[in-house]
$ cat coords-v4.txt   # compact mmCIF, C-alpha atoms
# COMPACT_ATOMS: atom_id res chain seq x y z
CA MET A 1 2.78 1.66 -11.71
CA ASN A 2 -0.81 2.77 -11.75
CA PRO A 3 -1.88 3.85 -15.28
CA PHE A 4 -3.80 6.68 -13.68
CA ILE A 5 -0.56 8.19 -12.34
CA VAL A 6 1.01 7.88 -15.78
CA TYR A 7 -1.82 9.82 -17.38
CA LEU A 8 -1.67 12.37 -14.60
CA ILE A 9 1.99 12.97 -15.40
CA PHE A 10 1.04 13.22 -19.06
CA LEU A 11 -1.70 15.72 -18.30
CA ILE A 12 0.57 17.84 -16.14
CA SER A 13 3.25 17.76 -18.82
CA VAL A 14 0.85 19.11 -21.44
CA VAL A 15 -0.87 21.72 -19.30
CA ILE A 16 1.77 23.23 -17.06
CA GLY A 17 5.05 22.17 -18.64
CA PRO A 18 7.23 25.26 -18.18
CA SER A 19 9.08 24.97 -21.46
CA GLN A 20 9.02 22.93 -24.63
CA LEU A 21 11.89 20.79 -23.36
CA ALA A 22 10.27 20.13 -19.99
CA LYS A 23 7.02 19.20 -21.76
CA TRP A 24 8.91 16.87 -24.04
CA SER A 25 10.76 15.20 -21.18
CA LEU A 26 7.57 14.70 -19.16
CA PHE A 27 5.88 13.31 -22.24
CA VAL A 28 8.74 10.83 -22.77
CA THR A 29 8.50 9.85 -19.10
CA ALA A 30 4.77 9.20 -19.35
CA VAL A 31 5.15 7.15 -22.53
CA GLY A 32 8.09 5.21 -21.04
CA LEU A 33 6.24 4.43 -17.81
CA THR A 34 3.16 3.32 -19.76
CA ALA A 35 5.31 1.04 -21.92
CA ALA A 36 7.12 -0.35 -18.86
CA PHE A 37 3.74 -1.04 -17.26
CA ALA A 38 2.34 -2.68 -20.40
CA LEU A 39 5.42 -4.91 -20.62
CA ARG A 40 5.31 -6.07 -17.00
CA ARG A 41 5.10 -9.70 -18.11
CA SER A 42 8.05 -9.45 -20.50
CA PHE A 43 11.03 -8.66 -18.35
CA GLN A 44 13.41 -8.44 -21.29
CA GLY A 45 11.12 -5.86 -22.97
CA ARG A 46 10.73 -3.99 -19.71
CA THR A 47 14.49 -3.75 -19.28
CA MET A 48 14.83 -2.38 -22.80
CA VAL A 49 12.17 0.30 -22.20
CA LEU A 50 13.77 1.33 -18.89
CA LEU A 51 17.28 1.45 -20.35
CA GLY A 52 15.83 3.32 -23.32
CA MET A 53 14.36 5.90 -20.95
CA LEU A 54 17.74 6.37 -19.29
CA GLY A 55 19.30 6.72 -22.76
CA MET A 56 16.69 9.29 -23.80
CA MET A 57 17.29 11.25 -20.61
CA LEU A 58 21.04 11.23 -21.28
CA ALA A 59 20.54 12.26 -24.91
CA GLU A 60 18.13 14.99 -23.84
CA SER A 61 20.66 16.44 -21.38
CA LEU A 62 23.35 16.48 -24.05
CA LEU A 63 20.93 17.91 -26.62
CA PHE A 64 19.91 20.70 -24.29
CA VAL A 65 23.54 21.65 -23.70
CA GLY A 66 24.20 21.42 -27.45
CA VAL A 67 21.22 23.59 -28.40
CA SER A 68 21.93 26.16 -25.73
CA SER A 69 25.61 26.30 -26.78
CA TYR A 70 24.49 26.89 -30.35
CA ILE A 71 22.14 29.69 -29.34
CA ASP A 72 24.92 31.08 -27.17
CA MET A 73 27.14 31.13 -30.22
CA LEU A 74 24.52 32.98 -32.25
CA GLY A 75 24.52 35.60 -29.54
CA ARG A 76 20.80 35.88 -29.00
CA ALA A 77 18.40 34.38 -26.54
CA PRO A 78 15.23 32.59 -27.64
CA ALA A 79 12.11 34.73 -27.60
CA HIS A 80 10.49 33.17 -24.52
CA VAL A 81 13.55 33.77 -22.32
CA ALA A 82 13.21 37.16 -20.74
CA SER A 83 16.80 38.10 -20.18
CA TRP A 84 20.03 37.12 -21.84
CA ASP A 85 21.90 36.84 -18.53
CA TYR A 86 19.32 34.41 -17.23
CA PHE A 87 19.84 32.24 -20.27
CA SER A 88 23.65 32.28 -19.93
CA ILE A 89 23.40 31.23 -16.30
CA LEU A 90 20.97 28.46 -17.20
CA HIS A 91 23.32 27.28 -19.91
CA ALA A 92 26.33 27.32 -17.62
CA VAL A 93 24.45 25.39 -14.94
CA ASN A 94 23.32 22.79 -17.46
CA LEU A 95 26.77 22.41 -18.92
CA GLY A 96 28.14 22.02 -15.40
CA ILE A 97 25.61 19.35 -14.51
CA VAL A 98 26.23 17.37 -17.67
CA LEU A 99 30.00 17.66 -17.23
CA ILE A 100 29.91 16.64 -13.56
CA GLY A 101 27.57 13.76 -14.39
CA GLY A 102 29.80 12.61 -17.24
CA ILE A 103 32.96 12.77 -15.16
CA ALA A 104 31.28 11.02 -12.21
CA ALA A 105 29.98 8.27 -14.51
CA ALA A 106 33.42 7.83 -16.12
CA CYS A 107 35.11 7.57 -12.71
CA ALA A 108 32.48 5.16 -11.44
CA GLY A 109 32.80 3.04 -14.59
CA LEU A 110 36.58 2.92 -14.25
CA PHE A 111 36.35 2.10 -10.56
CA ILE A 112 33.71 -0.62 -10.96
CA GLY A 113 35.59 -2.06 -13.94
CA LEU A 114 38.92 -2.17 -12.09
CA LYS A 115 37.34 -3.56 -8.97
CA LYS A 116 35.55 -6.31 -10.84
CA THR A 117 38.41 -7.47 -13.04
CA ARG A 118 41.54 -7.06 -10.98
CA ILE A 119 40.60 -8.17 -7.51
CA GLY A 120 39.79 -11.65 -6.30
CA MET A 121 36.62 -12.48 -4.46
CA SER A 122 38.15 -12.63 -1.01
CA LYS A 123 39.61 -9.15 -1.49
CA MET A 124 36.37 -7.78 -2.90
CA PHE A 125 34.47 -8.90 0.16
CA PRO A 126 36.81 -8.68 3.11
CA GLN A 127 33.86 -9.13 5.45
CA LEU A 128 33.22 -12.58 4.01
CA GLN A 129 35.35 -15.60 4.71
CA PHE A 130 35.70 -17.97 1.76
CA LEU A 131 36.13 -21.67 2.46
CA GLY A 132 37.47 -22.81 -0.91
CA PRO A 133 35.55 -24.60 -3.63
CA ALA A 134 32.06 -25.99 -3.07
CA PRO A 135 31.65 -29.80 -3.00
CA VAL A 136 32.29 -31.68 -6.24
CA HIS A 137 28.63 -32.52 -6.92
CA VAL A 138 27.64 -28.85 -6.63
CA ASN A 139 30.41 -27.81 -9.02
CA GLU A 140 29.30 -30.53 -11.45
CA THR A 141 25.70 -29.33 -11.31
CA ALA A 142 26.93 -25.79 -12.04
CA LYS A 143 28.96 -27.09 -14.98
CA ARG A 144 25.96 -28.94 -16.39
CA LEU A 145 23.67 -25.90 -16.02
CA ALA A 146 26.26 -23.57 -17.54
CA CYS A 147 26.59 -25.95 -20.48
CA LEU A 148 22.80 -25.97 -20.91
CA ALA A 149 22.73 -22.17 -20.73
CA GLY A 150 25.64 -21.92 -23.18
CA VAL A 151 27.96 -19.91 -20.91
CA ALA A 152 31.43 -20.65 -19.52
CA SER A 153 31.03 -22.58 -16.30
CA PRO A 154 31.65 -20.44 -13.22
CA ASN A 155 33.71 -21.35 -10.16
CA VAL A 156 31.49 -22.25 -7.25
CA SER A 157 32.92 -21.46 -3.84
CA LEU A 158 31.73 -21.77 -0.28
CA VAL A 159 31.17 -18.79 2.00
CA ASP A 160 31.53 -19.13 5.75
CA SER A 161 28.05 -18.04 6.77
CA GLY A 162 25.11 -19.81 8.35
CA VAL A 163 22.65 -17.46 6.65
CA PRO A 164 21.29 -19.05 3.47
CA SER A 165 22.45 -16.94 0.54
CA ALA A 166 23.96 -17.19 -2.92
CA PHE A 167 25.51 -14.57 -5.16
CA THR A 168 27.59 -14.14 -8.29
CA VAL A 169 30.49 -11.80 -8.91
CA TRP A 170 32.77 -11.07 -11.80
CA ALA A 171 36.34 -11.48 -10.54
CA ASN A 172 39.61 -12.26 -12.29
CA ARG A 173 37.96 -12.27 -15.71
CA LYS A 174 35.66 -15.06 -14.65
CA TYR A 175 32.27 -15.37 -13.04
CA SER A 176 32.26 -16.88 -9.60
CA VAL A 177 29.20 -18.11 -7.79
CA ALA A 178 29.36 -18.17 -4.01
CA LEU A 179 27.04 -20.29 -1.89
CA SER A 180 26.87 -20.01 1.86
CA VAL A 181 27.17 -23.10 4.04
CA GLY A 182 23.77 -22.08 5.43
CA LEU A 183 22.23 -22.46 1.96
CA LEU A 184 23.67 -25.94 1.43
CA GLU A 185 22.65 -27.17 4.86
CA SER A 186 19.07 -25.92 4.72
CA LEU A 187 18.08 -26.66 1.10
CA ASP A 188 17.90 -30.03 -0.62
CA ASP A 189 19.85 -30.86 -3.79
CA ASN A 190 17.05 -29.83 -6.17
CA GLU A 191 16.63 -26.48 -4.45
CA VAL A 192 20.39 -25.84 -4.49
CA GLU A 193 20.31 -26.66 -8.21
CA ALA A 194 17.52 -24.10 -8.66
CA CYS A 195 19.59 -21.44 -6.86
CA LEU A 196 22.59 -22.23 -9.06
CA ALA A 197 20.34 -22.02 -12.13
CA HIS A 198 19.17 -18.56 -11.01
CA GLU A 199 22.75 -17.34 -10.64
CA ILE A 200 23.80 -18.87 -13.98
CA SER A 201 20.77 -17.22 -15.60
CA HIS A 202 22.13 -13.84 -14.46
CA ILE A 203 25.34 -14.69 -16.34
CA LYS A 204 23.41 -15.93 -19.39
CA ASN A 205 21.21 -12.83 -19.54
CA GLY A 206 24.23 -10.51 -19.36
CA ASP A 207 22.91 -8.88 -16.21
CA PHE A 208 26.27 -7.53 -15.15
CA THR A 209 26.40 -5.40 -18.30
CA VAL A 210 22.76 -4.32 -17.98
CA ARG A 211 23.16 -3.33 -14.36
CA PHE A 212 26.47 -1.64 -15.07
CA LEU A 213 24.84 0.49 -17.78
CA ALA A 214 21.85 1.36 -15.58
CA THR A 215 24.10 2.38 -12.69
CA LEU A 216 26.36 4.46 -14.92
CA ALA A 217 23.33 6.23 -16.43
CA LYS A 218 21.99 6.91 -12.94
CA ILE A 219 25.30 8.45 -11.89
CA ALA A 220 25.50 10.55 -15.06
CA LEU A 221 21.89 11.68 -14.55
CA PHE A 222 22.40 12.53 -10.90
CA ALA A 223 20.39 15.73 -11.32
CA LYS A 224 17.32 13.88 -12.64
CA PRO A 225 15.34 12.28 -9.82
CA LEU A 226 13.57 9.88 -12.14
CA SER A 227 16.82 7.98 -12.73
CA TYR A 228 16.83 6.96 -9.06
CA PHE A 229 13.59 5.06 -9.68
CA ILE A 230 14.54 3.61 -13.05
CA GLU A 231 17.80 1.97 -11.94
CA PRO A 232 16.24 -0.21 -9.21
CA ALA A 233 13.41 -1.03 -11.63
CA VAL A 234 16.01 -2.41 -14.05
CA TYR A 235 17.53 -4.51 -11.26
CA ARG A 236 14.14 -5.90 -10.30
CA ALA A 237 13.22 -6.77 -13.87
CA ARG A 238 16.50 -8.70 -14.20
CA GLU A 239 15.73 -10.70 -11.05
CA PHE A 240 12.37 -11.81 -12.44
CA LEU A 241 13.98 -12.60 -15.77
CA ALA A 242 16.69 -14.69 -14.04
CA ASP A 243 13.96 -16.64 -12.20
CA ARG A 244 12.17 -17.32 -15.46
CA THR A 245 15.37 -18.40 -17.26
CA ALA A 246 16.31 -20.60 -14.29
CA ALA A 247 12.92 -22.33 -14.41
CA GLN A 248 13.48 -23.04 -18.10
CA LEU A 249 16.99 -24.39 -17.41
CA ILE A 250 15.87 -26.86 -14.77
CA GLY A 251 12.66 -27.83 -16.56
CA GLY A 252 10.04 -26.17 -14.38
CA PRO A 253 9.64 -23.62 -11.63
CA ASP A 254 8.79 -26.09 -8.82
CA ALA A 255 12.26 -26.43 -7.28
CA LEU A 256 12.84 -22.67 -7.43
CA ILE A 257 9.43 -21.97 -5.86
CA SER A 258 10.25 -24.40 -3.08
CA ALA A 259 13.72 -22.85 -2.52
CA LEU A 260 12.36 -19.30 -2.45
CA SER A 261 9.54 -20.32 -0.11
CA LYS A 262 12.05 -21.78 2.33
CA LEU A 263 14.13 -18.61 2.11
CA LYS A 264 11.03 -16.54 2.68
CA ASP A 265 10.50 -18.30 5.99
CA SER A 266 13.71 -16.86 7.34
CA ASP A 267 12.91 -13.53 5.73
CA SER A 268 11.12 -12.34 8.86
CA LEU A 269 14.49 -12.03 10.55
CA ALA A 270 16.26 -8.84 9.65
CA VAL A 271 19.43 -10.02 7.97
CA THR A 272 21.93 -7.92 6.13
CA SER A 273 23.56 -9.39 3.08
CA PRO A 274 26.54 -7.97 1.21
CA GLU A 275 25.50 -5.02 -0.90
CA GLY A 276 25.65 -4.80 -4.66
CA LEU A 277 25.60 -8.50 -5.38
CA MET A 278 23.50 -10.70 -7.55
CA CYS A 279 21.69 -12.57 -4.88
CA VAL A 280 19.31 -15.44 -5.28
CA CYS A 281 17.94 -14.36 -1.97
CA ASN A 282 18.70 -10.94 -0.78
CA LEU A 283 16.99 -11.39 2.53
CA SER A 284 16.76 -7.68 3.15
CA GLY A 285 14.76 -7.28 -0.08
CA GLY A 286 11.27 -5.83 0.20
CA LYS A 287 11.92 -4.19 3.53
CA SER A 288 12.36 -0.62 2.40
CA MET A 289 9.61 1.90 3.03
CA LEU A 290 9.41 2.64 -0.66
CA ARG A 291 9.35 -0.60 -2.55
CA ILE A 292 10.08 1.12 -5.85
CA LEU A 293 13.53 1.98 -4.51
CA ASP A 294 14.37 -1.65 -3.71
CA LYS A 295 16.79 -3.33 -6.03
CA GLN A 296 15.55 -6.77 -5.06
CA PRO A 297 11.90 -7.67 -5.59
CA ASP A 298 10.36 -9.23 -2.52
CA LEU A 299 10.30 -13.01 -2.36
CA THR A 300 6.50 -13.22 -2.24
CA THR A 301 6.18 -11.45 -5.61
CA ARG A 302 8.88 -13.65 -7.09
CA ILE A 303 7.15 -16.81 -5.92
CA GLU A 304 3.80 -15.57 -7.25
CA THR A 305 5.34 -14.75 -10.62
CA LEU A 306 6.83 -18.24 -10.85
CA ARG A 307 3.45 -19.78 -9.92
CA GLU A 308 1.81 -17.76 -12.71
CA MET A 309 4.46 -19.08 -15.08
CA LYS A 310 3.60 -22.62 -13.98
CA ARG A 311 -0.10 -22.06 -14.64
CA ALA A 312 0.48 -20.50 -18.05
CA MET B 313 19.63 -8.97 24.56
CA LEU B 314 18.19 -12.01 22.77
CA GLY B 315 15.19 -12.32 20.50
CA ASP B 316 12.36 -14.72 21.27
CA LEU B 317 13.54 -17.38 18.85
CA GLU B 318 17.17 -16.88 19.79
CA SER B 319 16.49 -17.66 23.41
CA ILE B 320 14.41 -20.74 22.51
CA VAL B 321 17.26 -21.98 20.31
CA LEU B 322 19.93 -21.28 22.89
CA ARG B 323 17.96 -22.99 25.65
CA GLN B 324 17.46 -26.03 23.41
CA LEU B 325 21.20 -26.10 22.65
CA TRP B 326 21.97 -26.24 26.38
CA GLU B 327 19.46 -29.05 26.78
CA THR B 328 20.89 -31.02 23.86
CA GLY B 329 24.38 -30.76 25.28
CA LYS B 330 26.35 -31.90 22.22
CA PRO B 331 27.38 -30.38 18.85
CA ILE B 332 24.41 -30.57 16.51
CA SER B 333 23.65 -29.83 12.84
CA VAL B 334 21.00 -27.35 11.69
CA LYS B 335 18.77 -30.06 10.22
CA ASP B 336 18.85 -32.26 13.34
CA PHE B 337 18.35 -29.23 15.50
CA GLN B 338 15.36 -28.03 13.47
CA ALA B 339 13.70 -31.42 14.00
CA ILE B 340 14.05 -30.99 17.78
CA VAL B 341 12.95 -27.34 17.93
CA THR B 342 9.93 -28.00 15.69
CA GLU B 343 8.47 -30.26 18.38
CA ARG B 344 8.12 -27.17 20.59
CA ARG B 345 7.40 -24.58 17.96
CA PRO B 346 7.09 -25.18 14.18
CA VAL B 347 9.97 -23.38 12.53
CA ALA B 348 11.60 -23.54 9.08
CA VAL B 349 15.09 -24.96 8.68
CA THR B 350 16.24 -21.67 7.09
CA THR B 351 15.04 -19.78 10.16
CA VAL B 352 16.99 -22.10 12.44
CA ALA B 353 20.10 -21.66 10.26
CA THR B 354 19.76 -17.87 10.36
CA THR B 355 19.10 -17.79 14.11
CA LEU B 356 22.11 -19.99 14.87
CA ASP B 357 24.24 -17.77 12.65
CA ARG B 358 23.13 -14.74 14.64
CA LEU B 359 23.94 -16.44 17.91
CA TYR B 360 27.34 -17.31 16.44
CA ARG B 361 27.95 -13.67 15.51
CA LYS B 362 26.95 -12.61 19.02
CA GLY B 363 29.65 -14.98 20.33
CA LEU B 364 27.18 -17.20 22.18
CA VAL B 365 27.69 -20.39 20.18
CA SER B 366 30.67 -21.87 18.39
CA ARG B 367 30.57 -23.91 15.23
CA GLY B 368 32.76 -26.29 13.30
CA LEU B 369 32.52 -26.97 9.58
CA VAL B 370 32.06 -30.60 8.51
CA ARG B 371 32.56 -31.34 4.83
CA GLU B 372 31.52 -35.00 4.80
CA GLY B 373 27.94 -35.61 3.71
CA GLY B 374 27.59 -32.09 2.28
CA PRO B 375 29.12 -29.05 4.00
CA HIS B 376 27.36 -28.21 7.24
CA TYR B 377 28.12 -26.73 10.62
CA LEU B 378 27.95 -28.41 13.99
CA TYR B 379 26.86 -25.85 16.57
CA LYS B 380 27.44 -25.95 20.31
CA PRO B 381 27.01 -23.35 23.06
CA ARG B 382 30.15 -21.44 24.04
CA MET B 383 29.15 -21.11 27.66
CA THR B 384 26.95 -22.90 30.15
CA GLU B 385 23.58 -21.48 31.12
CA GLU B 386 25.07 -20.27 34.43
CA GLU B 387 27.93 -18.52 32.68
CA PHE B 388 25.52 -16.92 30.25
CA ARG B 389 23.31 -15.61 33.06
CA TYR B 390 26.34 -14.25 34.84
CA ALA B 391 27.53 -12.57 31.62
CA VAL B 392 24.11 -10.92 31.11
CA VAL B 393 23.92 -9.63 34.69
CA ASP B 394 27.57 -8.56 34.55
CA GLY B 395 26.95 -6.62 31.35
CA VAL B 396 23.81 -4.86 32.58
CA MET B 397 25.01 -4.15 36.12
CA GLY B 398 28.47 -3.11 34.95
CA ALA B 399 26.94 -0.52 32.64
CA LEU B 400 24.53 0.71 35.36
CA LEU B 401 27.24 0.99 38.01
CA GLU B 402 29.42 2.89 35.59
CA SER B 403 26.76 5.38 34.51
CA PHE B 404 24.58 5.76 37.64
CA ASN B 405 26.75 4.45 40.49
CA ASP B 406 24.95 6.05 43.50
CA VAL B 407 21.45 5.32 42.31
CA THR B 408 22.28 1.76 41.38
CA VAL B 409 23.93 0.97 44.71
CA ALA B 410 21.03 2.56 46.61
CA TYR B 411 18.52 0.62 44.53
CA LEU B 412 20.35 -2.64 45.10
CA ALA B 413 20.55 -2.05 48.84
CA GLN B 414 16.83 -1.34 48.94
CA GLN B 415 15.91 -4.35 46.82
CA ILE B 416 18.11 -6.76 48.76
CA GLY B 417 16.81 -5.40 52.07
CA THR B 418 13.35 -6.65 51.14
CA GLY B 419 14.69 -9.92 49.72
CA ARG B 420 14.73 -13.48 50.98
CA PRO B 421 16.89 -14.48 54.00
CA GLU B 422 19.26 -16.61 51.89
CA GLU B 423 20.02 -13.64 49.64
CA LEU B 424 20.91 -11.62 52.74
CA ARG B 425 23.15 -14.46 53.97
CA VAL B 426 25.04 -14.58 50.64
CA LEU B 427 25.40 -10.82 50.72
CA SER B 428 26.65 -10.59 54.32
CA LYS B 429 29.16 -13.39 53.60
CA TYR B 430 30.42 -11.44 50.62
CA LEU B 431 30.56 -8.18 52.60
CA ASN B 432 32.57 -9.88 55.37
CA LYS B 433 34.99 -11.15 52.76
CA LEU B 434 35.35 -7.63 51.37
CA ARG B 435 35.89 -6.18 54.87
CA ARG B 436 38.59 -8.72 55.64
CA LYS B 437 40.27 -7.87 52.37
CA GLY B 438 40.00 -4.15 53.20
CA SER B 439 41.50 -4.51 56.70
CA ASN B 440 44.50 -6.53 55.42
$ encode --input "coords-v4.txt" --output "C-alpha cells"
Amino acid sequence: MNPFIVYLIFLISVVIGPSQLAKWSLFVTAVGLTAAFALRRSFQGRTMVLLGMLGMMLAESLLFVGVSSYIDMLGRAPAHVASWDYFSILHAVNLGIVLIGGIAAACAGLFIGLKKTRIGMSKMFPQLQFLGPAPVHVNETAKRLACLAGVASPNVSLVDSGVPSAFTVWANRKYSVALSVGLLESLDDNEVEACLAHEISHIKNGDFTVRFLATLAKIALFAKPLSYFIEPAVYRAREFLADRTAAQLIGGPDALISALSKLKDSDSLAVTSPEGLMCVCNLSGGKSMLRILDKQPDLTTRIETLREMKRA
Amino acid sequence: MLGDLESIVLRQLWETGKPISVKDFQAIVTERRPVAVTTVATTLDRLYRKGLVSRGLVREGGPHYLYKPRMTEEEFRYAVVDGVMGALLESFNDVTVAYLAQQIGTGRPEELRVLSKYLNKLRRKGSN
C-alpha cells in the first residue's frame, strides 16, 4: 500500500465526505491502512490491525442502525437531512443490509463449523483421493515439530496427486495435514520437514480461527467493498507469519527457502489446487490480475521475506 | 493438444520404455533441457490426468509413482488424428472431405496407393 494513496483517501475523506459518518469511516480506513503499512514487517500486528478494521466496520454498521433507530424513535430527522421520508428509507435500507449481513454471516459460520467438525477429510474433498497415512518417518517428524510448537500432533496423510502440494484441514475435531505424493517425491527430507513446519505453524498461530473471523466479517460486511480487500490481506499476513514461525521451529529459513524455490519452478505451469485450504504452496497464488485480491502471497515474495529474515 | 514440455516428457517416456520415477526421469530430461524436479512431477501429473500415462504408487523407499505411457507413439498419433478429423468430419463434413481429396490428390504416390487400397476395400464391402 502506497502511503500516498492512504493520504489521498484521508484528504478525500476530510474534504468531500458526504456526512459525518462517511468522513469518520474514511478516516478510520486511512488510519487502518497506514497502520497496516507501517506494520508490514510484523505479521501478527498487521493481522490485528486488519481484524480491528473489520471489527470497526462492523461496529460502525451496527452503530449507524442504532443511532438512526433512536432518531426514528424521537420522531424527527437530523437537521442536515432534507426530508423525513428520505431518512426513513435510508434507515430501512441500512437495517436491511445489517440484518442480511448478520444472517448471512451466521449461516456461513454454522455451515463452515459443521463442515469442518463433522465430516472427514475424504468427504470434504471428494475430488481428492486419500492414500492413508504418510510414511512413519514423516509422521514422526510431524510429531516432533508439533511437540516443539506446543500443539497436539496432527495426522499426516497422503494425497494421490503428482502435483507437489501440502495443506491442513480441521476435520473430526483434529487437525490433519495432507501431503501429496508429488511433494514427497520431489523434495528432500529437510524440505518436507520445512513444509510440515509451515503447516504446523498455521495450527500454532491459530490461523483457522483468524481466517474464520475474517471471512465471517467479510460476509457480514458484504455491502462494504473494503472488506473484500481486507480479508485476503489477513490471509496473506498469516502465510508470511507461518513461514516465519516455521523457520524458527526448524532452526533457520534455509530449508523452507529451498522448498519454496523448488515449488516456484513448477509455478510457471497453471495448476489448480483445492480452494480454501491452508497450502504451503498454492501454486495458483500470485496469478490474479489484482494481487491484493489473492489470498496466497506469491512465492517470490515469500522467499524474499525469508531471505530478509536470514539476513536480519 | 499438448504443451511444449508435455510433449518432450511424453516423447522421452516412449524412448525410456519402462516405468520410471520422477527423480530418475528428471535426470534424463535435464540432459536435453534443464528442468526442475517439481516441474517434471507436475507435467507427469497433467499427462496422467489427460489419460496419456498411467502410474503406480510405490511405498518402499518413500512414496513415489512409477510412470509409464498408456499407449505407444503410433497409437497416440492415431488418437490425435482421430480426435481432430472426427470433430472436423462431424462439423464440416463436405468441406473436410473435399479438402482431403484435394490434399491427397497432390500427395505422394504411396499415399495414393494406400488410399486406393482402402477405397477398394470399402467398395467390396458396399457391394456385398
$ closest_atom_pairs --input "coords-v4.txt" --of "chain B" --to "chain A" --cutoff "12 Å" --atoms "all atoms listed in the file" --output "Markdown table"
| residue | atom | partner | partner_atom | distance |
| --- | --- | --- | --- | --- |
| B:Gly315 | CA | A:Leu269 | CA | 10.0 |
| B:Asp316 | CA | A:Leu269 | CA | 11.3 |
| B:Leu317 | CA | A:Leu269 | CA | 9.9 |
| B:Glu318 | CA | A:Leu269 | CA | 10.8 |
| B:Ser333 | CA | A:Glu185 | CA | 8.5 |
| B:Val334 | CA | A:Glu185 | CA | 7.0 |
| B:Lys335 | CA | A:Ser186 | CA | 6.9 |
| B:Asp336 | CA | A:Glu185 | CA | 10.6 |
| B:Phe337 | CA | A:Ser186 | CA | 11.3 |
| B:Gln338 | CA | A:Ser186 | CA | 9.7 |
| B:Pro346 | CA | A:Asp265 | CA | 11.2 |
| B:Val347 | CA | A:Asp265 | CA | 8.3 |
| B:Ala348 | CA | A:Asp265 | CA | 6.2 |
| B:Val349 | CA | A:Ser186 | CA | 5.7 |
| B:Thr350 | CA | A:Ser266 | CA | 5.4 |
| B:Thr351 | CA | A:Ser266 | CA | 4.3 |
| B:Val352 | CA | A:Ser266 | CA | 8.0 |
| B:Ala353 | CA | A:Gly162 | CA | 5.7 |
| B:Thr354 | CA | A:Val163 | CA | 4.7 |
| B:Thr355 | CA | A:Leu269 | CA | 8.2 |
| B:Leu356 | CA | A:Gly162 | CA | 7.2 |
| B:Asp357 | CA | A:Gly162 | CA | 4.8 |
| B:Arg358 | CA | A:Gly162 | CA | 8.3 |
| B:Leu359 | CA | A:Gly162 | CA | 10.2 |
| B:Tyr360 | CA | A:Gly162 | CA | 8.8 |
| B:Arg361 | CA | A:Ser161 | CA | 9.8 |
| B:Ser366 | CA | A:Gly162 | CA | 11.7 |
| B:Arg367 | CA | A:Gly162 | CA | 9.7 |
| B:Gly368 | CA | A:Asp160 | CA | 10.5 |
| B:Leu369 | CA | A:Val181 | CA | 8.6 |
| B:Val370 | CA | A:Val181 | CA | 10.0 |
| B:Arg371 | CA | A:Pro135 | CA | 8.0 |
| B:Glu372 | CA | A:Pro135 | CA | 9.4 |
| B:Gly373 | CA | A:Pro135 | CA | 9.6 |
| B:Gly374 | CA | A:Pro135 | CA | 7.0 |
| B:Pro375 | CA | A:Val181 | CA | 6.3 |
| B:His376 | CA | A:Glu185 | CA | 5.4 |
| B:Tyr377 | CA | A:Val181 | CA | 7.6 |
| B:Leu378 | CA | A:Glu185 | CA | 10.6 |
| B:Tyr379 | CA | A:Gly162 | CA | 10.3 |
$ atom_distance --input "coords-v4.txt" --atom1 "CA of His91 in chain A" --atom2 "CA of Leu226 in chain A"
21.4 Å
$ closest_residue --input "coords-v4.txt" --among "B:Tyr390, B:Pro381, B:Lys362, B:Leu431" --to "Gln324 in chain B" --atoms "only C-alpha atoms"
B:Pro381
$ atom_distance --input "coords-v4.txt" --atom1 "CA of Ala197 in chain A" --atom2 "CA of Thr141 in chain A"
9.1 Å
$ atom_distance --input "coords-v4.txt" --atom1 "CA of Leu249 in chain A" --atom2 "CA of Ser201 in chain A"
8.3 Å
$ residues_around --input "coords-v4.txt" --residues "range 255-259 of chain A" --least-positions-apart "4" --cutoff "12 Å" --atoms "all atoms listed in the file" --output "PyMOL selection string"
(chain A and resi 164-166+183-184+186-199+240+242-251+263-266+280-281+299-310) or (chain B and resi 348-350)
$ residues_around --input "coords-v4.txt" --residues "range 59-63 of chain A" --least-positions-apart "5" --cutoff "9 Å" --atoms "all atoms listed in the file" --output "PDB file with C-alpha atoms, in the frame of the given file"
ATOM      1  CA  LEU A  21      11.890  20.790 -23.360  1.00  0.00           C
ATOM      2  CA  SER A  25      10.760  15.200 -21.180  1.00  0.00           C
ATOM      3  CA  LEU A  54      17.740   6.370 -19.290  1.00  0.00           C
ATOM      4  CA  SER A  68      21.930  26.160 -25.730  1.00  0.00           C
ATOM      5  CA  ASN A  94      23.320  22.790 -17.460  1.00  0.00           C
ATOM      6  CA  LEU A  95      26.770  22.410 -18.920  1.00  0.00           C
ATOM      7  CA  ILE A  97      25.610  19.350 -14.510  1.00  0.00           C
ATOM      8  CA  VAL A  98      26.230  17.370 -17.670  1.00  0.00           C
ATOM      9  CA  LEU A 221      21.890  11.680 -14.550  1.00  0.00           C
TER      10      LEU A 221
END
$ build_atoms --input "coords-v4.txt" --residues "range 373-380 of chain B" --atoms "N, CA and C atoms" --output "tab-separated table (two decimals), keeping the file's coordinate frame"
chain	number	residue	atom	x	y	z
B	373	GLY	N	29.41	-35.58	3.79
B	373	GLY	CA	27.94	-35.61	3.71
B	373	GLY	C	27.37	-34.23	3.43
B	374	GLY	N	28.07	-33.45	2.59
B	374	GLY	CA	27.59	-32.09	2.28
B	374	GLY	C	28.06	-31.14	3.36
B	375	PRO	N	28.58	-29.96	2.98
B	375	PRO	CA	29.12	-29.05	4.00
B	375	PRO	C	28.02	-28.61	4.97
B	376	HIS	N	28.30	-28.72	6.24
B	376	HIS	CA	27.36	-28.21	7.24
B	376	HIS	C	28.13	-27.89	8.52
B	377	TYR	N	27.50	-27.08	9.35
B	377	TYR	CA	28.12	-26.73	10.62
B	377	TYR	C	27.59	-27.63	11.73
B	378	LEU	N	28.43	-27.82	12.74
B	378	LEU	CA	27.95	-28.41	13.99
B	378	LEU	C	28.04	-27.31	15.04
B	379	TYR	N	26.89	-26.96	15.61
B	379	TYR	CA	26.86	-25.85	16.57
B	379	TYR	C	26.89	-26.39	17.99
B	380	LYS	N	27.56	-25.65	18.88
B	380	LYS	CA	27.44	-25.95	20.31
B	380	LYS	C	27.56	-24.65	21.10
